[in-house]
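File shown here: run05.csv, holding CSV, C-alpha atoms.
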```csv
chain,number,residue,atom,x,y,z
A,180,MET,CA,-48.1,-33.8,29.2
A,181,SER,CA,-51.3,-35.9,29.3
A,182,ARG,CA,-52.7,-34.3,26.2
A,183,GLU,CA,-49.5,-34.9,24.2
A,184,ASN,CA,-49.4,-38.5,25.2
A,185,ALA,CA,-53.1,-39.0,24.3
A,186,ASP,CA,-52.4,-37.4,20.9
A,187,LEU,CA,-49.5,-39.8,20.3
A,188,VAL,CA,-51.6,-42.8,21.1
A,189,LEU,CA,-54.4,-41.5,18.8
A,190,ARG,CA,-51.8,-41.0,16.0
A,191,GLY,CA,-50.8,-44.7,16.5
A,192,TYR,CA,-54.5,-45.8,16.3
A,193,GLN,CA,-55.1,-43.7,13.2
A,194,ALA,CA,-51.9,-45.0,11.5
A,195,PHE,CA,-53.0,-48.6,12.3
A,196,VAL,CA,-56.5,-48.1,10.9
A,197,ALA,CA,-55.0,-46.6,7.8
A,198,GLY,CA,-52.6,-49.5,7.4
A,199,ASP,CA,-49.5,-47.4,8.0
A,200,LEU,CA,-47.7,-49.9,10.2
A,201,ASP,CA,-44.3,-48.2,9.7
A,202,ALA,CA,-45.7,-45.1,11.4
A,203,VAL,CA,-47.0,-47.3,14.3
A,204,GLY,CA,-43.5,-48.9,14.6
A,205,GLU,CA,-41.9,-45.5,14.8
A,206,LEU,CA,-44.0,-44.7,17.9
A,207,LEU,CA,-42.7,-47.7,19.7
A,208,ASP,CA,-39.6,-47.5,21.9
A,209,PRO,CA,-36.9,-50.0,20.8
A,210,ASP,CA,-37.2,-51.6,24.2
A,211,VAL,CA,-41.0,-51.5,24.4
A,212,GLU,CA,-42.6,-53.9,26.9
A,213,TRP,CA,-45.9,-55.5,26.0
A,214,HIS,CA,-47.7,-57.2,28.9
A,215,GLY,CA,-50.7,-59.4,28.2
A,216,LEU,CA,-53.6,-60.0,30.5
A,217,GLU,CA,-51.6,-62.3,32.7
A,218,GLY,CA,-49.3,-59.4,33.4
A,219,GLU,CA,-46.1,-61.0,32.1
A,220,ASP,CA,-43.9,-59.2,29.5
A,221,SER,CA,-44.4,-60.9,26.2
A,222,GLY,CA,-40.7,-60.6,25.5
A,223,ALA,CA,-41.6,-59.6,22.0
A,224,SER,CA,-39.2,-57.2,20.2
A,225,ARG,CA,-40.4,-54.1,18.5
A,226,GLU,CA,-40.2,-56.0,15.2
A,227,ALA,CA,-42.2,-59.0,16.5
A,228,ILE,CA,-44.9,-56.6,17.8
A,229,GLY,CA,-44.9,-55.0,14.3
A,230,ALA,CA,-45.5,-58.4,12.8
A,231,ILE,CA,-48.4,-59.1,15.2
A,232,LEU,CA,-50.0,-55.8,14.4
A,233,ALA,CA,-49.6,-56.6,10.7
A,234,GLU,CA,-51.4,-59.9,11.2
A,235,ARG,CA,-54.2,-58.1,13.0
A,236,PHE,CA,-54.5,-55.6,10.3
A,237,GLU,CA,-54.7,-58.3,7.6
A,238,GLU,CA,-57.6,-60.0,9.6
A,239,ASP,CA,-59.7,-57.1,8.2
A,240,TYR,CA,-61.4,-56.0,11.3
A,241,LYS,CA,-63.1,-52.6,11.5
A,242,VAL,CA,-61.5,-51.1,14.6
A,243,GLU,CA,-63.2,-48.3,16.4
A,244,LEU,CA,-61.8,-46.3,19.3
A,245,GLU,CA,-64.2,-46.3,22.2
A,246,ARG,CA,-62.2,-44.5,24.9
A,247,CYS,CA,-58.9,-42.6,25.3
A,248,VAL,CA,-58.2,-41.4,28.8
A,249,ALA,CA,-54.9,-39.8,29.7
A,250,LYS,CA,-53.3,-39.3,33.1
A,251,GLY,CA,-49.7,-38.2,33.2
A,252,ASP,CA,-47.5,-40.6,31.2
A,253,GLU,CA,-50.3,-43.2,30.9
A,254,VAL,CA,-53.1,-43.4,28.4
A,255,LEU,CA,-56.0,-45.8,28.6
A,256,VAL,CA,-57.2,-47.0,25.2
A,257,SER,CA,-60.3,-49.1,24.6
A,258,LEU,CA,-61.1,-50.4,21.1
A,259,ARG,CA,-63.9,-52.4,19.5
A,260,ALA,CA,-63.1,-54.6,16.6
A,261,THR,CA,-65.8,-56.1,14.3
A,262,ARG,CA,-65.8,-58.1,11.1
A,263,VAL,CA,-68.1,-60.3,9.0
A,264,GLU,CA,-66.9,-63.8,8.5
A,265,LYS,CA,-68.2,-65.6,5.5
A,266,ASP,CA,-69.1,-69.3,5.6
A,267,PRO,CA,-66.0,-71.1,4.3
A,268,LEU,CA,-68.2,-73.9,2.9
A,269,ASP,CA,-70.3,-71.5,0.8
A,270,ASP,CA,-68.6,-70.1,-2.3
A,271,ARG,CA,-71.5,-67.9,-3.4
A,272,PRO,CA,-70.6,-64.3,-3.7
A,273,LEU,CA,-73.7,-63.1,-1.8
A,274,GLN,CA,-73.8,-65.5,1.1
A,275,SER,CA,-76.8,-65.5,3.3
A,276,ARG,CA,-74.9,-67.3,6.1
A,277,ARG,CA,-72.4,-65.0,7.8
A,278,ARG,CA,-71.1,-64.6,11.3
A,279,PHE,CA,-70.4,-61.3,12.9
A,280,THR,CA,-67.5,-61.1,15.2
A,281,ILE,CA,-67.2,-58.5,17.9
A,282,GLY,CA,-64.2,-58.1,20.1
A,283,ARG,CA,-63.0,-55.6,22.6
A,284,TYR,CA,-59.4,-54.6,23.5
A,285,CYS,CA,-58.3,-52.5,26.5
A,286,ALA,CA,-54.9,-51.4,27.6
A,287,VAL,CA,-52.9,-48.8,29.4
A,288,VAL,CA,-50.1,-47.4,27.3
A,289,THR,CA,-47.2,-45.7,28.9
A,290,VAL,CA,-45.5,-43.0,26.9
A,291,HIS,CA,-42.0,-41.5,27.6
A,292,ASP,CA,-40.2,-39.0,25.4
A,293,GLN,CA,-42.8,-39.3,22.7
A,294,ARG,CA,-42.4,-43.1,22.5
A,295,VAL,CA,-44.6,-46.0,23.7
A,296,VAL,CA,-42.4,-47.7,26.3
A,297,ARG,CA,-45.0,-50.1,27.8
A,298,VAL,CA,-48.4,-51.6,27.0
A,299,GLN,CA,-50.4,-53.4,29.8
A,300,GLU,CA,-53.5,-55.1,28.6
A,301,TYR,CA,-56.7,-55.4,30.8
A,302,PRO,CA,-59.8,-57.5,30.5
A,303,HIS,CA,-62.1,-54.5,30.5
A,304,VAL,CA,-62.3,-50.8,31.0
A,305,PRO,CA,-63.1,-50.7,34.7
A,306,ALA,CA,-59.9,-52.7,35.5
A,307,ALA,CA,-57.9,-50.4,33.4
A,308,LEU,CA,-59.4,-47.3,35.0
A,309,GLU,CA,-58.7,-48.7,38.4
A,310,ALA,CA,-55.0,-49.3,37.4
A,311,LEU,CA,-54.9,-45.8,36.1
A,312,GLY,CA,-56.3,-44.4,39.3
A,313,VAL,CA,-59.3,-42.8,37.6
A,314,ASP,CA,-62.9,-43.0,38.9
A,315,GLU,CA,-65.3,-43.4,36.0
A,316,ALA,CA,-67.7,-41.1,37.7
A,317,HIS,CA,-65.3,-38.2,37.1
A,318,LEU,CA,-65.0,-38.7,33.4
```
Kindly present the structure from the file in C-alpha coordinates form.
Amino acid sequence: MSRENADLVLRGYQAFVAGDLDAVGELLDPDVEWHGLEGEDSGASREAIGAILAERFEEDYKVELERCVAKGDEVLVSLRATRVEKDPLDDRPLQSRRRFTIGRYCAVVTVHDQRVVRVQEYPHVPAALEALGVDEAHL
(Lines of atoms letter the chains of each structure in order from A and count residues from 1; the text may use other names and numbers.)
(Lines give C-alpha, C1' and ligand atoms only; values in the text may rest on other atoms or scores of the structure.)
Protein backbone atom coordinates (compact mmCIF):
# COMPACT_ATOMS: atom_id res chain seq x y z
CA MET A 1 0.00 0.00 0.00
CA SER A 2 2.92 2.37 0.61
CA ARG A 3 3.75 2.71 -3.10
CA GLU A 4 0.13 3.52 -4.03
CA ASN A 5 -0.04 6.16 -1.32
CA ALA A 6 3.23 7.75 -2.44
CA ASP A 7 1.92 7.77 -6.02
CA LEU A 8 -1.26 9.52 -4.89
CA VAL A 9 0.73 12.23 -3.06
CA LEU A 10 2.99 12.63 -6.10
CA ARG A 11 -0.09 13.04 -8.34
CA GLY A 12 -1.27 15.78 -6.00
CA TYR A 13 2.11 17.52 -6.17
CA GLN A 14 2.19 17.29 -9.97
CA ALA A 15 -1.37 18.62 -10.21
CA PHE A 16 -0.50 21.56 -7.93
CA VAL A 17 2.61 22.45 -9.95
CA ALA A 18 0.54 22.29 -13.13
CA GLY A 19 -2.14 24.52 -11.60
CA ASP A 20 -4.79 21.81 -11.68
CA LEU A 21 -6.24 22.63 -8.28
CA ASP A 22 -9.48 20.76 -9.05
CA ALA A 23 -7.45 17.55 -9.33
CA VAL A 24 -5.77 18.34 -6.00
CA GLY A 25 -9.17 18.91 -4.41
CA GLU A 26 -10.42 15.55 -5.66
CA LEU A 27 -7.61 13.83 -3.73
CA LEU A 28 -8.72 15.39 -0.43
CA ASP A 29 -11.21 13.56 1.75
CA PRO A 30 -14.32 15.68 2.49
CA ASP A 31 -13.36 15.58 6.18
CA VAL A 32 -9.62 16.14 5.71
CA GLU A 33 -7.73 17.37 8.78
CA TRP A 34 -4.87 19.83 8.31
CA HIS A 35 -2.58 20.24 11.32
CA GLY A 36 -0.09 23.08 11.36
CA LEU A 37 3.25 23.17 13.12
CA GLU A 38 1.53 23.69 16.47
CA GLY A 39 -0.27 20.37 15.98
CA GLU A 40 -3.80 21.76 16.12
CA ASP A 41 -6.31 20.99 13.40
CA SER A 42 -6.76 24.14 11.35
CA GLY A 43 -10.48 23.43 11.18
CA ALA A 44 -10.36 24.39 7.52
CA SER A 45 -12.84 22.71 5.22
CA ARG A 46 -11.76 21.06 2.00
CA GLU A 47 -12.96 24.17 0.17
CA ALA A 48 -10.94 26.48 2.44
CA ILE A 49 -7.85 24.33 1.93
CA GLY A 50 -8.44 24.58 -1.81
CA ALA A 51 -8.58 28.38 -1.53
CA ILE A 52 -5.32 28.43 0.44
CA LEU A 53 -3.63 26.25 -2.17
CA ALA A 54 -4.92 28.56 -4.91
CA GLU A 55 -3.36 31.54 -3.10
CA ARG A 56 -0.06 29.68 -2.83
CA PHE A 57 -0.16 28.82 -6.53
CA GLU A 58 -0.83 32.46 -7.44
CA GLU A 59 2.25 33.54 -5.44
CA ASP A 60 4.25 32.14 -8.37
CA TYR A 61 6.71 30.00 -6.46
CA LYS A 62 8.71 27.35 -8.24
CA VAL A 63 8.00 24.26 -6.14
CA GLU A 64 10.39 21.32 -6.20
CA LEU A 65 9.88 17.99 -4.50
CA GLU A 66 12.89 17.12 -2.36
CA ARG A 67 11.69 13.94 -0.65
CA CYS A 68 8.80 11.54 -0.74
CA VAL A 69 9.01 8.67 1.75
CA ALA A 70 6.12 6.27 2.27
CA LYS A 71 5.45 3.96 5.18
CA GLY A 72 2.08 2.27 5.33
CA ASP A 73 -0.71 4.85 5.12
CA GLU A 74 1.67 7.76 5.70
CA VAL A 75 3.80 9.67 3.22
CA LEU A 76 6.45 12.20 4.15
CA VAL A 77 6.71 14.98 1.62
CA SER A 78 9.37 17.68 1.63
CA LEU A 79 9.21 20.60 -0.79
CA ARG A 80 11.39 23.57 -1.61
CA ALA A 81 9.76 26.73 -2.92
CA THR A 82 11.66 29.56 -4.58
CA ARG A 83 10.78 32.78 -6.33
CA VAL A 84 12.28 36.06 -7.38
CA GLU A 85 10.69 39.16 -5.88
CA LYS A 86 11.10 42.38 -7.80
CA ASP A 87 11.66 45.67 -6.02
CA PRO A 88 8.17 47.23 -5.80
CA LEU A 89 9.72 50.72 -5.94
CA ASP A 90 11.52 50.04 -9.24
CA ASP A 91 9.27 49.90 -12.30
CA ARG A 92 12.03 49.14 -14.80
CA PRO A 93 11.37 45.91 -16.71
CA LEU A 94 14.93 44.62 -16.14
CA GLN A 95 15.49 45.34 -12.49
CA SER A 96 18.92 44.92 -11.02
CA ARG A 97 17.60 44.79 -7.47
CA ARG A 98 15.74 41.60 -6.74
CA ARG A 99 15.31 39.38 -3.74
CA PHE A 100 15.34 35.62 -3.90
CA THR A 101 13.02 33.82 -1.55
CA ILE A 102 13.58 30.22 -0.55
CA GLY A 103 11.23 28.32 1.70
CA ARG A 104 10.87 24.73 2.75
CA TYR A 105 7.76 22.78 3.59
CA CYS A 106 7.58 19.39 5.27
CA ALA A 107 4.57 17.28 6.19
CA VAL A 108 3.37 13.76 6.78
CA VAL A 109 0.29 13.00 4.70
CA THR A 110 -2.07 10.21 5.76
CA VAL A 111 -3.92 8.43 2.96
CA HIS A 112 -6.97 6.19 3.38
CA ASP A 113 -9.04 4.72 0.52
CA GLN A 114 -7.13 6.77 -2.06
CA ARG A 115 -7.92 10.07 -0.32
CA VAL A 116 -5.80 12.41 1.79
CA VAL A 117 -7.43 12.29 5.22
CA ARG A 118 -4.81 14.11 7.30
CA VAL A 119 -1.84 16.43 6.84
CA GLN A 120 0.55 17.09 9.72
CA GLU A 121 3.17 19.78 9.11
CA TYR A 122 6.68 19.56 10.60
CA PRO A 123 9.43 22.17 10.92
CA HIS A 124 12.00 20.00 9.13
CA VAL A 125 12.62 16.55 7.64
CA PRO A 126 14.28 14.97 10.72
CA ALA A 127 11.18 15.72 12.83
CA ALA A 128 8.90 14.25 10.17
CA LEU A 129 11.08 11.15 9.79
CA GLU A 130 10.97 10.65 13.56
CA ALA A 131 7.18 10.95 13.55
CA LEU A 132 7.05 8.46 10.68
CA GLY A 133 9.31 6.08 12.57
CA VAL A 134 11.95 6.01 9.85
CA ASP A 135 15.68 6.28 10.45
CA GLU A 136 17.29 8.49 7.83
CA ALA A 137 20.31 6.19 7.78
CA HIS A 138 18.06 3.46 6.27
CA LEU A 139 16.93 5.59 3.32
Self-check item: Nearby residues, (-56.7, -61.1, 29.1) file frame, 8 Å, all atoms listed in the file, as a list in words
Solution: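 Every polymer residue passing the test: Gly215, Leu216, Glu217, Glu300, Tyr301 and Pro302 of chain A.
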Could those residues be written to a file, using C-alpha atoms, as a PDB file, in the coordinates of the input?
```pdb
ATOM      1  CA  GLY A 215     -50.700 -59.400  28.200  1.00  0.00           C
ATOM      2  CA  LEU A 216     -53.600 -60.000  30.500  1.00  0.00           C
ATOM      3  CA  GLU A 217     -51.600 -62.300  32.700  1.00  0.00           C
ATOM      4  CA  GLU A 300     -53.500 -55.100  28.600  1.00  0.00           C
ATOM      5  CA  TYR A 301     -56.700 -55.400  30.800  1.00  0.00           C
ATOM      6  CA  PRO A 302     -59.800 -57.500  30.500  1.00  0.00           C
TER       7      PRO A 302
END
```
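Pairwise distance (atom CA of Glu264 of chain A, atom CA of Glu237 of chain A) equals 13.4 Å.
Of the listed residues A:Val256, A:Tyr240, A:His317, A:Ala306, the one whose atoms come nearest to Ala185 of chain A is A:Val256, with distances taken using only C-alpha atoms.
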Self-check item: Polymer residues at most 9 Å from segment 209-212 of chain A, only C-alpha atoms, same-chain spacing of 5 or more positions, as a VMD selection string
Solution: chain A and resid 220 to 226 294 to 299
Exercise. Pick out the closest residue to Glu205 of chain A from this set: A:Gly251, A:Leu273, A:Gly191, A:Phe236. Count only C-alpha atoms.
Key: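 When distances to Glu205 of chain A are compared using only C-alpha atoms, the smallest one comes from A:Gly191.
Closest approach to Asp239 of chain A among A:Asp266, A:Ala307, A:Glu315, A:Thr280: A:Thr280, based on all atoms listed in the file.
Across the model, the gap from atom CA of Tyr284 of chain A to atom CA of Glu234 of chain A is 15.6 Å.
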Exercise. Can you work out the spacing between atom CA of Asn184 of chain A and atom CA of Cys247 of chain A in Å, to one decimal?
Key: 10.3 Å
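Using all atoms listed in the file, the smallest distance between any of A:Glu238, A:Leu268, A:Leu206, A:His214 and Arg190 of chain A comes from A:Leu206.
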Quiz item: Taking into account all atoms listed in the file, which residue in the set A:Leu207, A:Ala197, A:Ala227, A:Leu311 is nearest to Val242 of chain A?
Solution: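 Among A:Leu207, A:Ala197, A:Ala227, A:Leu311, it is A:Ala197 that comes nearest to Val242 of chain A.
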Self-check item: Distance criterion (only C-alpha atoms): nearest to Val304 of chain A out of A:Val290, A:Leu318, A:Leu255, A:Val263
Solution: A:Leu255
Practice problem: For Gln193 of chain A, work out the shell of residues within 10 Å, counting only C-alpha atoms and skipping chain neighbours fewer than 4 positions away, then give it as a list in words. | Solution: Leu187, Val188, Leu189, Ala197, Gly198, Asp199, Ala202, Val203, Val242, Glu243 and Leu244 of chain A
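When the distance limit is 10 Å and all atoms listed in the file are what count, the residues near His303 of chain A, minus those fewer than 5 positions from it on the same chain, are Ser257, Arg283, Tyr284, Cys285, Ala286 and Leu308 of chain A.
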